[in-house]
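Coordinates as given in upload.txt (compact mmCIF, C-alpha atoms):
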# COMPACT_ATOMS: atom_id res chain seq x y z
CA MET B 1 37.49 17.44 -3.59
CA ALA B 2 37.43 14.21 -5.58
CA ASP B 3 40.34 11.83 -5.14
CA SER B 4 41.00 9.70 -8.17
CA VAL B 5 42.83 6.43 -8.57
CA ASN B 6 43.21 5.52 -12.21
CA THR B 7 44.77 2.92 -14.47
CA PRO B 8 44.54 3.00 -18.27
CA GLU B 9 41.63 1.11 -19.74
CA THR B 10 42.45 -1.93 -21.85
CA PRO B 11 40.50 -2.50 -25.07
CA GLY B 12 38.22 -5.49 -24.72
CA ALA B 13 38.22 -5.47 -20.92
CA HIS B 14 35.03 -6.97 -19.50
CA PRO B 15 32.96 -4.53 -17.46
CA ALA B 16 31.70 -5.51 -14.04
CA THR B 17 28.21 -6.93 -13.85
CA PRO B 18 25.53 -4.60 -12.46
CA GLY B 19 25.95 -4.12 -8.73
CA GLU B 20 29.46 -5.63 -8.76
CA LEU B 21 32.51 -3.51 -7.92
CA PRO B 22 35.48 -4.09 -10.22
CA HIS B 23 38.53 -5.61 -8.56
CA PRO B 24 41.04 -2.79 -7.89
CA HIS B 25 43.89 -4.81 -9.35
CA ALA B 26 42.11 -6.12 -12.44
CA PRO B 27 43.97 -5.06 -15.58
CA GLY B 28 42.31 -2.34 -17.54
CA VAL B 29 40.06 -1.22 -14.71
CA SER B 30 39.65 2.51 -14.19
CA ILE B 31 38.60 3.44 -10.66
CA ARG B 32 37.23 6.80 -9.61
CA HIS B 33 36.13 7.35 -6.05
CA THR B 34 34.51 10.53 -4.87
CA ARG B 35 34.81 11.00 -1.11
CA ALA B 36 31.91 12.12 0.98
CA LYS B 37 32.50 15.25 3.03
CA GLY B 38 34.69 14.41 6.02
CA GLU B 39 35.62 10.96 4.72
CA PRO B 40 39.36 10.30 5.06
CA ARG B 41 41.30 10.05 1.84
CA PHE B 42 42.79 6.69 2.82
CA PRO B 43 40.99 5.14 5.83
CA ASP B 44 43.99 2.99 6.77
CA GLY B 45 46.61 5.37 5.42
CA PRO B 46 48.27 8.68 6.34
CA ARG B 47 46.12 11.32 7.99
CA ALA B 48 45.51 14.63 6.24
CA ASP B 49 46.76 16.77 9.16
CA PRO B 50 48.21 14.48 11.84
CA ALA B 51 49.33 17.25 14.23
CA GLY B 52 46.09 19.20 13.86
CA SER B 53 46.01 22.38 15.91
CA HIS B 54 48.07 21.04 18.82
CA PHE B 55 51.06 23.20 17.95
CA GLU B 56 51.70 26.84 17.25
CA ARG B 57 51.21 28.26 13.81
CA ARG B 58 54.55 29.10 12.25
CA ILE B 59 56.10 29.68 8.88
CA ARG B 60 56.32 26.33 7.11
CA SER B 61 59.30 25.31 5.02
CA PHE B 62 57.13 23.06 2.85
CA GLN B 63 54.08 23.44 0.66
CA PRO B 64 51.74 20.42 0.55
CA ARG B 65 50.89 19.37 -3.01
CA ARG B 66 47.72 17.65 -4.12
CA SER B 67 48.00 15.36 -7.11
CA ARG B 68 46.54 12.14 -8.43
CA VAL B 69 47.36 8.89 -6.66
CA THR B 70 47.81 5.84 -8.87
CA THR B 71 46.21 2.49 -8.17
CA GLY B 72 49.53 1.01 -7.06
CA GLN B 73 50.25 3.91 -4.73
CA ALA B 74 46.76 3.76 -3.21
CA ASP B 75 47.06 0.03 -2.68
CA ALA B 76 50.44 0.45 -0.98
CA LEU B 77 49.07 3.16 1.31
CA GLN B 78 46.13 0.99 2.36
CA ARG B 79 48.15 -2.21 2.84
CA LEU B 80 51.45 -0.98 4.18
CA TRP B 81 50.80 2.24 6.10
CA PRO B 82 49.69 0.41 9.27
CA LYS B 83 52.96 -1.56 9.11
CA TRP B 84 55.53 0.94 7.83
CA GLY B 85 53.87 4.35 8.20
CA LEU B 86 54.09 6.96 10.94
CA ASP B 87 51.81 9.97 11.35
CA ILE B 88 53.64 12.92 12.91
CA ASP B 89 51.10 13.94 15.52
CA GLY B 90 53.56 15.21 18.15
CA GLN B 91 51.73 13.32 20.87
CA ARG B 92 54.29 10.64 21.77
CA ILE B 93 57.96 9.77 21.79
CA VAL B 94 58.88 7.32 19.05
CA ASP B 95 61.00 4.33 20.06
CA LEU B 96 63.10 3.89 16.92
CA GLU B 97 64.22 0.40 17.87
CA GLU B 98 60.59 -0.63 18.20
CA LEU B 99 59.63 1.19 15.00
CA PHE B 100 62.22 -0.66 12.92
CA GLY B 101 62.40 -3.84 14.96
CA ASN B 102 66.18 -3.66 15.41
CA GLU B 103 69.00 -1.59 16.87
CA ARG B 104 70.60 -0.49 13.59
CA PRO B 105 71.53 3.17 13.09
CA VAL B 106 68.76 5.46 11.88
CA VAL B 107 69.12 8.23 9.30
CA LEU B 108 66.38 10.84 8.94
CA GLU B 109 65.61 11.94 5.37
CA ILE B 110 63.49 15.07 5.01
CA GLY B 111 61.70 15.37 1.67
CA PHE B 112 62.07 12.29 -0.53
CA GLY B 113 59.94 13.18 -3.57
CA MET B 114 58.77 9.96 -5.21
CA GLY B 115 61.20 7.88 -3.18
CA GLU B 116 63.33 6.30 -5.92
CA ALA B 117 66.64 7.53 -4.46
CA THR B 118 65.56 6.59 -0.93
CA ALA B 119 64.73 3.04 -2.00
CA ARG B 120 68.06 2.67 -3.81
CA MET B 121 70.03 3.90 -0.79
CA ALA B 122 68.10 1.53 1.48
CA ALA B 123 68.78 -1.39 -0.86
CA GLU B 124 72.50 -0.62 -1.11
CA ASP B 125 72.96 -0.20 2.65
CA PRO B 126 70.56 -2.59 4.42
CA GLU B 127 72.36 -2.16 7.76
CA VAL B 128 71.10 1.44 8.00
CA ASN B 129 67.47 2.28 8.74
CA ILE B 130 65.92 5.25 6.91
CA LEU B 131 63.10 7.28 8.44
CA ALA B 132 61.81 9.20 5.42
CA VAL B 133 59.54 12.22 5.94
CA ASP B 134 57.33 13.94 3.37
CA VAL B 135 53.82 15.35 2.99
CA HIS B 136 53.28 14.33 -0.65
CA THR B 137 50.79 11.46 -0.65
CA PRO B 138 51.67 9.99 -4.08
CA GLY B 139 55.34 9.96 -3.06
CA GLN B 140 54.49 8.24 0.22
CA GLY B 141 52.58 5.56 -1.64
CA ASN B 142 55.28 5.18 -4.26
CA LEU B 143 58.04 4.71 -1.68
CA LEU B 144 55.98 2.14 0.22
CA ASN B 145 55.32 0.34 -3.05
CA LEU B 146 59.03 0.35 -3.94
CA ALA B 147 60.01 -0.93 -0.50
CA ASP B 148 57.48 -3.74 -0.80
CA ARG B 149 58.51 -4.75 -4.32
CA MET B 150 62.23 -4.61 -3.47
CA GLY B 151 61.85 -6.47 -0.19
CA LEU B 152 63.22 -3.60 1.89
CA SER B 153 62.56 -3.74 5.62
CA ASN B 154 64.76 -0.76 6.57
CA ILE B 155 62.42 2.04 5.44
CA ARG B 156 59.70 3.74 7.44
CA VAL B 157 57.63 6.57 5.95
CA ALA B 158 56.58 9.48 8.14
CA ASN B 159 53.77 11.86 7.20
CA GLY B 160 53.78 15.46 8.40
CA ASP B 161 56.03 18.22 9.66
CA ALA B 162 59.65 17.19 10.24
CA ILE B 163 60.06 20.01 12.77
CA ILE B 164 57.38 18.49 15.00
CA LEU B 165 58.95 15.06 14.56
CA LEU B 166 62.36 16.32 15.66
CA ARG B 167 61.13 18.53 18.48
CA GLU B 168 58.35 16.44 19.97
CA MET B 169 58.80 12.81 18.97
CA LEU B 170 62.50 11.92 18.82
CA ARG B 171 64.85 11.45 21.75
CA PRO B 172 68.16 13.33 22.07
CA ASP B 173 71.08 11.65 20.28
CA SER B 174 68.73 9.17 18.59
CA LEU B 175 69.76 9.79 14.96
CA ASP B 176 72.92 8.75 13.13
CA GLY B 177 72.43 11.01 10.14
CA LEU B 178 70.31 13.65 8.43
CA ARG B 179 69.67 13.94 4.68
CA VAL B 180 68.04 16.90 3.00
CA TYR B 181 68.12 16.49 -0.77
CA PHE B 182 66.82 19.21 -3.10
CA PRO B 183 64.60 21.06 -0.62
CA ASP B 184 62.31 23.80 -1.87
CA PRO B 185 64.68 26.73 -2.55
CA TRP B 186 62.01 29.40 -2.05
CA PRO B 187 63.83 31.58 -4.60
CA LYS B 188 62.02 34.86 -3.95
CA LYS B 189 63.80 36.97 -1.35
CA ARG B 190 60.66 37.53 0.70
CA HIS B 191 60.32 33.74 1.01
CA HIS B 192 63.88 33.01 2.15
CA LYS B 193 62.61 32.75 5.73
CA ARG B 194 60.78 29.59 4.65
CA ARG B 195 63.97 27.76 3.75
CA LEU B 196 64.56 24.73 5.93
CA ILE B 197 68.29 25.09 6.52
CA GLN B 198 68.36 27.90 9.07
CA PRO B 199 70.29 28.27 12.37
CA GLU B 200 67.24 27.41 14.48
CA PHE B 201 66.60 24.22 12.52
CA LEU B 202 70.24 23.15 12.80
CA THR B 203 70.19 23.68 16.57
CA LEU B 204 67.11 21.46 16.83
CA ALA B 205 68.60 18.82 14.54
CA ALA B 206 71.87 18.84 16.46
CA SER B 207 70.01 17.97 19.66
CA ARG B 208 68.74 14.76 18.04
CA LEU B 209 71.95 13.78 16.24
CA ARG B 210 74.62 11.67 17.87
CA PRO B 211 78.16 13.08 17.84
CA GLY B 212 79.77 12.05 14.57
CA ALA B 213 76.46 11.90 12.70
CA LEU B 214 76.64 13.08 9.09
CA VAL B 215 74.45 15.89 7.78
CA HIS B 216 74.18 15.69 4.00
CA CYS B 217 72.43 18.38 1.97
CA ALA B 218 72.20 18.73 -1.79
CA THR B 219 70.63 21.41 -3.99
CA ASP B 220 70.68 22.56 -7.59
CA TRP B 221 69.83 26.13 -6.58
CA GLU B 222 73.22 27.84 -6.25
CA PRO B 223 72.14 30.80 -4.08
CA TYR B 224 70.57 28.36 -1.61
CA ALA B 225 73.71 26.22 -1.68
CA GLY B 226 75.73 29.27 -0.68
CA GLN B 227 73.35 30.04 2.17
CA MET B 228 73.49 26.41 3.37
CA LEU B 229 77.27 26.51 3.38
CA ASP B 230 77.35 29.78 5.32
CA VAL B 231 74.80 28.66 7.92
CA LEU B 232 76.34 25.23 8.48
CA THR B 233 79.87 26.65 8.67
CA ALA B 234 78.83 29.22 11.26
CA HIS B 235 76.98 26.73 13.47
CA PRO B 236 79.05 25.56 16.47
CA ASP B 237 77.56 22.04 16.46
CA PHE B 238 78.78 21.11 12.98
CA GLU B 239 82.05 20.92 11.10
CA ASN B 240 82.68 20.62 7.38
CA THR B 241 84.13 17.29 6.31
CA ARG B 242 85.96 19.11 3.52
CA PRO B 243 89.38 20.40 4.60
CA ASP B 244 88.98 23.37 2.25
CA GLY B 245 85.67 24.31 3.87
CA GLY B 246 83.75 24.12 0.61
CA PHE B 247 81.29 21.90 -1.20
CA ALA B 248 81.81 18.15 -1.46
CA PRO B 249 81.72 15.94 -4.55
CA ARG B 250 78.56 13.87 -4.80
CA PRO B 251 79.22 10.84 -2.60
CA GLY B 252 78.67 7.42 -4.10
CA PHE B 253 75.86 6.59 -1.68
CA ARG B 254 73.64 9.39 -3.03
CA PRO B 255 72.13 8.12 -6.30
CA LEU B 256 71.93 10.31 -9.35
CA THR B 257 68.18 10.74 -9.81
CA ARG B 258 66.38 11.24 -13.10
CA PHE B 259 65.36 14.74 -11.98
CA GLU B 260 68.96 15.61 -11.18
CA ALA B 261 70.25 14.18 -14.47
CA GLN B 262 67.76 16.32 -16.39
CA GLY B 263 68.95 19.38 -14.50
CA LEU B 264 72.59 18.61 -15.24
CA ASP B 265 71.74 18.25 -18.93
CA LYS B 266 70.31 21.78 -18.75
CA GLY B 267 73.49 23.14 -17.20
CA HIS B 268 72.34 23.22 -13.58
CA VAL B 269 75.05 22.97 -10.94
CA VAL B 270 74.37 20.55 -8.09
CA ASN B 271 76.21 21.17 -4.82
CA ASP B 272 76.57 18.64 -2.01
CA LEU B 273 77.38 19.62 1.57
CA LEU B 274 78.74 17.08 4.06
CA PHE B 275 78.97 18.25 7.65
CA ARG B 276 79.54 16.23 10.80
CA ARG B 277 77.96 16.67 14.23
CA VAL B 278 80.79 17.62 16.55
CA PRO B 279 81.10 16.02 20.03
CA HIS B 280 79.11 17.61 22.80
CA ARG B 281 80.92 20.41 24.56
CA GLY B 282 81.79 18.30 27.60
CA GLN B 283 83.22 15.60 25.33
CA GLN B 284 85.26 18.19 23.46
CA ARG B 285 86.94 19.28 26.69
CA GLU B 286 87.72 15.64 27.57
CA ARG B 287 89.45 15.14 24.22
CA ARG B 288 91.84 18.05 24.77

What do you get writing this file as structure tokens?
Amino acid sequence: MADSVNTPETPGAHPATPGELPHPHAPGVSIRHTRAKGEPRFPDGPRADPAGSHFERRIRSFQPRRSRVTTGQADALQRLWPKWGLDIDGQRIVDLEELFGNERPVVLEIGFGMGEATARMAAEDPEVNILAVDVHTPGQGNLLNLADRMGLSNIRVANGDAIILLREMLRPDSLDGLRVYFPDPWPKKRHHKRRLIQPEFLTLAASRLRPGALVHCATDWEPYAGQMLDVLTAHPDFENTRPDGGFAPRPGFRPLTRFEAQGLDKGHVVNDLLFRRVPHRGQQRERR
């Protein structure tokens, strides 16, 4: 498969002299690189399959997408991945204080798309660290690029399966929040088992969330919103922050994305769910 990094050509741009490679940041330069078989897509960037075959095959809640990486995204992946990137290989426990270089609370975001909302939330709340997980390479590069341009030091980008990250690489009670915005709804009934928000996932997430941590989900797929509400309400480790037990208004800290605005213009209904991790059972008894 050929991986392409392209920028529009500018009329009058001077071509490189024979034998000379054009500078990747020169205006008007179009770059196309065809990888040799087995050559990594980004030698210093995220790995194609960081966990490999170390873990059992299971039904995945995500579908990796292959699409073109822009010059800016490729540059960000090469420059910033060694500093701000994390491959989810399941082979070690991640020290979050070491990863971020401070002791600030850490929120895990699963599925960040192109990263615009993540960058805005990080900029508006610099005292909270965001560990953002996705498998979409252009989005990874775009978020790294945004963090660099905006001077954000509270974002780390993780590549791979969030289940493996939670189960194998994070310590109990290490997270102060969980965000799942617009996950794949898997609309066909036979695919509902692929949806991320399931009882088993919530049990795993609860083991990594500190008591009081906020779980925030949002979706524009109403049947999935109803399932999320039912599953979260029934789970003993979480309680709805809404006294009426229903959906929450969009909180001010979740930006209105361009994708969401387009959906609203088309009449889509977006539902937010805000649930809190309840105290551990021993702590609950002490409070009574």

Would you list the contacts of Gly111 (chain B) as an NGL selection string, taking every protein, DNA or RNA residue within 12 Å and counting all atoms listed in the file, but skipping same-chain residues closer than 3 positions in sequence? :B and (61-64 or 108 or 114-118 or 131-137 or 139-140 or 143 or 157-162 or 178-184 or 196 or 217-218)

Could you please determine the separation between CA of Met169 (chain B) and CA of Arg92 (chain B) in Å, to one decimal place?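 Those two atoms sit 5.7 Å apart.
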
Out of B:Ala225, B:Leu204, B:Arg277, B:Gly151, which residue has the shortest atom-to-atom distance to Thr241 (chain B) when counting all atoms listed in the file?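 Checking each candidate against Thr241 (chain B), we get B:Arg277 as the closest.
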
Quick one: 4 Å padding each side, axis-aligned, all listed atoms of region 145-156 of chain B - centre and edge lengths in Å to one decimal, as AutoDock Vina command-line options?
--center_x 60.0 --center_y -1.4 --center_z 1.6 --size_x 17.4 --size_y 18.2 --size_z 19.8

Could you make a table, as CSV, of the residues of region 199-233 of chain B that have an atom within 12 Å of an atom of region 242-253 of chain B, each with its nearest atom pair and distance in Å to one decimal, counting all atoms listed in the file, in chain and number order?
residue,atom,partner,partner_atom,distance
B:His216,CA,B:Pro251,CA,9.6
B:Cys217,CA,B:Ala248,CA,10.0
B:Ala218,CA,B:Arg250,CA,8.6
B:Thr219,CA,B:Arg250,CA,11.0
B:Glu222,CA,B:Phe247,CA,11.2
B:Ala225,CA,B:Phe247,CA,8.7
B:Gly226,CA,B:Phe247,CA,9.2
B:Gln227,CA,B:Phe247,CA,11.9
B:Met228,CA,B:Phe247,CA,10.1
B:Leu229,CA,B:Gly246,CA,7.4
B:Asp230,CA,B:Gly246,CA,9.8
B:Leu232,CA,B:Gly245,CA,10.4
B:Thr233,CA,B:Gly245,CA,7.9

Just want the 12 Å neighbourhood of Arg208 (chain B), counted on only C-alpha atoms, with same-chain residues fewer than 6 positions away dropped. Output as a PyMOL selection string. chain B and resi 106-108+163+165-178+201-202+215+237+277+280

Pick from B:Gly90, B:Glu260, B:Asn142, B:Glu103 nearest to Arg68 (chain B), counting only C-alpha atoms: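 Nearest to Arg68 (chain B): B:Asn142.
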
Please compute the CA of Phe238 (chain B)-CA of Val278 (chain B) distance, one decimal, in Å. 5.4 Å

State, in Å with one decimal place, the distance from CA of Asp44 (chain B) to CA of Arg156 (chain B).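 We find that CA of Asp44 (chain B) and CA of Arg156 (chain B) lie 15.7 Å from each other.
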
Calculated over only C-alpha atoms, which of the candidates B:Glu239, B:Ile164, B:Pro255, B:His192 has the smallest distance to Ile93 (chain B)? B:Ile164

Selection: 10 Å around Leu152 (chain B), all atoms listed in the file, excl. self and same-chain fewer than 5 positions, as number ranges by chain: B: 119-120, 122-123, 126, 129, 144, 146-147

Taking into account all atoms listed in the file, which residue in the set B:Ala234, B:Leu99, B:Val69, B:Ala206 is nearest to Leu86 (chain B)?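 Comparing B:Ala234, B:Leu99, B:Val69, B:Ala206 against Leu86 (chain B), the winner is B:Leu99.
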
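Look at Glu127 (chain B): the protein and nucleic acid residues within 8 Å of it, using all atoms listed in the file and passing over chain neighbours fewer than 6 places away, are Arg104, Pro105 and Asn154 of chain B.
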
Minimum-distance residue to Phe100 (chain B), chosen among B:His268, B:Lys83, B:Arg276, B:His235 (using only C-alpha atoms):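 Residue with the minimum atom-to-atom distance to Phe100 (chain B): B:Lys83.
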
May I ask which of the residues B:Phe112, B:Gly45, B:Gln73, B:Val231 is the closest one to Thr257 (chain B), counting only C-alpha atoms?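 Of all the options, B:Phe112 lies closest to Thr257 (chain B).
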
Once all heavy atoms are restored for region 116-127 of chain B, what would the output be as a tab-separated table (two decimals), keeping the file's coordinate frame?
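File produced: selection-v2.tsv:
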chain	number	residue	atom	x	y	z
B	116	GLU	N	62.44	7.21	-5.19
B	116	GLU	CA	63.33	6.30	-5.92
B	116	GLU	C	64.74	6.29	-5.31
B	116	GLU	O	65.33	5.22	-5.11
B	116	GLU	CB	63.41	6.67	-7.40
B	116	GLU	CG	62.13	6.46	-8.19
B	116	GLU	CD	61.30	7.74	-8.28
B	116	GLU	OE1	61.53	8.66	-7.45
B	116	GLU	OE2	60.43	7.80	-9.17
B	117	ALA	N	65.29	7.47	-5.02
B	117	ALA	CA	66.64	7.53	-4.46
B	117	ALA	C	66.67	6.91	-3.06
B	117	ALA	O	67.62	6.22	-2.70
B	117	ALA	CB	67.13	8.98	-4.41
B	118	THR	N	65.63	7.15	-2.27
B	118	THR	CA	65.56	6.59	-0.93
B	118	THR	C	65.57	5.07	-0.98
B	118	THR	O	66.30	4.41	-0.22
B	118	THR	CB	64.28	7.07	-0.22
B	118	THR	OG1	64.24	8.50	-0.24
B	118	THR	CG2	64.22	6.58	1.21
B	119	ALA	N	64.78	4.50	-1.87
B	119	ALA	CA	64.73	3.04	-2.00
B	119	ALA	C	66.08	2.48	-2.43
B	119	ALA	O	66.52	1.44	-1.92
B	119	ALA	CB	63.64	2.64	-2.98
B	120	ARG	N	66.75	3.15	-3.36
B	120	ARG	CA	68.06	2.67	-3.81
B	120	ARG	C	69.08	2.73	-2.69
B	120	ARG	O	69.88	1.80	-2.51
B	120	ARG	CB	68.53	3.49	-5.01
B	120	ARG	CG	67.79	3.16	-6.30
B	120	ARG	CD	68.18	4.08	-7.44
B	120	ARG	NE	69.60	4.04	-7.73
B	120	ARG	CZ	70.19	4.84	-8.64
B	120	ARG	NH1	69.44	5.73	-9.30
B	120	ARG	NH2	71.47	4.75	-8.87
B	121	MET	N	69.08	3.79	-1.90
B	121	MET	CA	70.03	3.90	-0.79
B	121	MET	C	69.73	2.83	0.27
B	121	MET	O	70.66	2.24	0.85
B	121	MET	CB	69.98	5.30	-0.18
B	121	MET	CG	70.59	6.36	-1.07
B	121	MET	SD	70.72	8.00	-0.29
B	121	MET	CE	68.99	8.48	-0.26
B	122	ALA	N	68.46	2.56	0.51
B	122	ALA	CA	68.10	1.53	1.48
B	122	ALA	C	68.53	0.15	0.99
B	122	ALA	O	68.98	-0.68	1.79
B	122	ALA	CB	66.59	1.55	1.73
B	123	ALA	N	68.40	-0.09	-0.31
B	123	ALA	CA	68.78	-1.39	-0.86
B	123	ALA	C	70.30	-1.59	-0.82
B	123	ALA	O	70.79	-2.70	-0.56
B	123	ALA	CB	68.27	-1.52	-2.29
B	124	GLU	N	71.04	-0.52	-1.06
B	124	GLU	CA	72.50	-0.62	-1.11
B	124	GLU	C	73.15	-0.63	0.26
B	124	GLU	O	74.32	-1.01	0.40
B	124	GLU	CB	73.06	0.52	-1.97
B	124	GLU	CG	72.69	0.38	-3.45
B	124	GLU	CD	73.06	1.61	-4.26
B	124	GLU	OE1	73.69	2.53	-3.69
B	124	GLU	OE2	72.70	1.65	-5.46
B	125	ASP	N	72.41	-0.22	1.29
B	125	ASP	CA	72.96	-0.20	2.65
B	125	ASP	C	71.91	-0.72	3.63
B	125	ASP	O	71.33	0.03	4.41
B	125	ASP	CB	73.38	1.23	3.03
B	125	ASP	CG	74.29	1.28	4.25
B	125	ASP	OD1	74.55	0.20	4.83
B	125	ASP	OD2	74.72	2.37	4.63
B	126	PRO	N	71.65	-2.04	3.60
B	126	PRO	CA	70.56	-2.59	4.42
B	126	PRO	C	70.82	-2.54	5.92
B	126	PRO	O	69.90	-2.78	6.70
B	126	PRO	CB	70.47	-4.04	3.93
B	126	PRO	CG	71.82	-4.35	3.36
B	126	PRO	CD	72.31	-3.06	2.77
B	127	GLU	N	72.06	-2.23	6.34
B	127	GLU	CA	72.36	-2.16	7.76
B	127	GLU	C	72.03	-0.79	8.35
B	127	GLU	O	72.26	-0.55	9.54
B	127	GLU	CB	73.84	-2.47	7.99
B	127	GLU	CG	74.21	-3.90	7.65
B	127	GLU	CD	73.38	-4.93	8.42
B	127	GLU	OE1	73.30	-4.81	9.66
B	127	GLU	OE2	72.80	-5.82	7.77
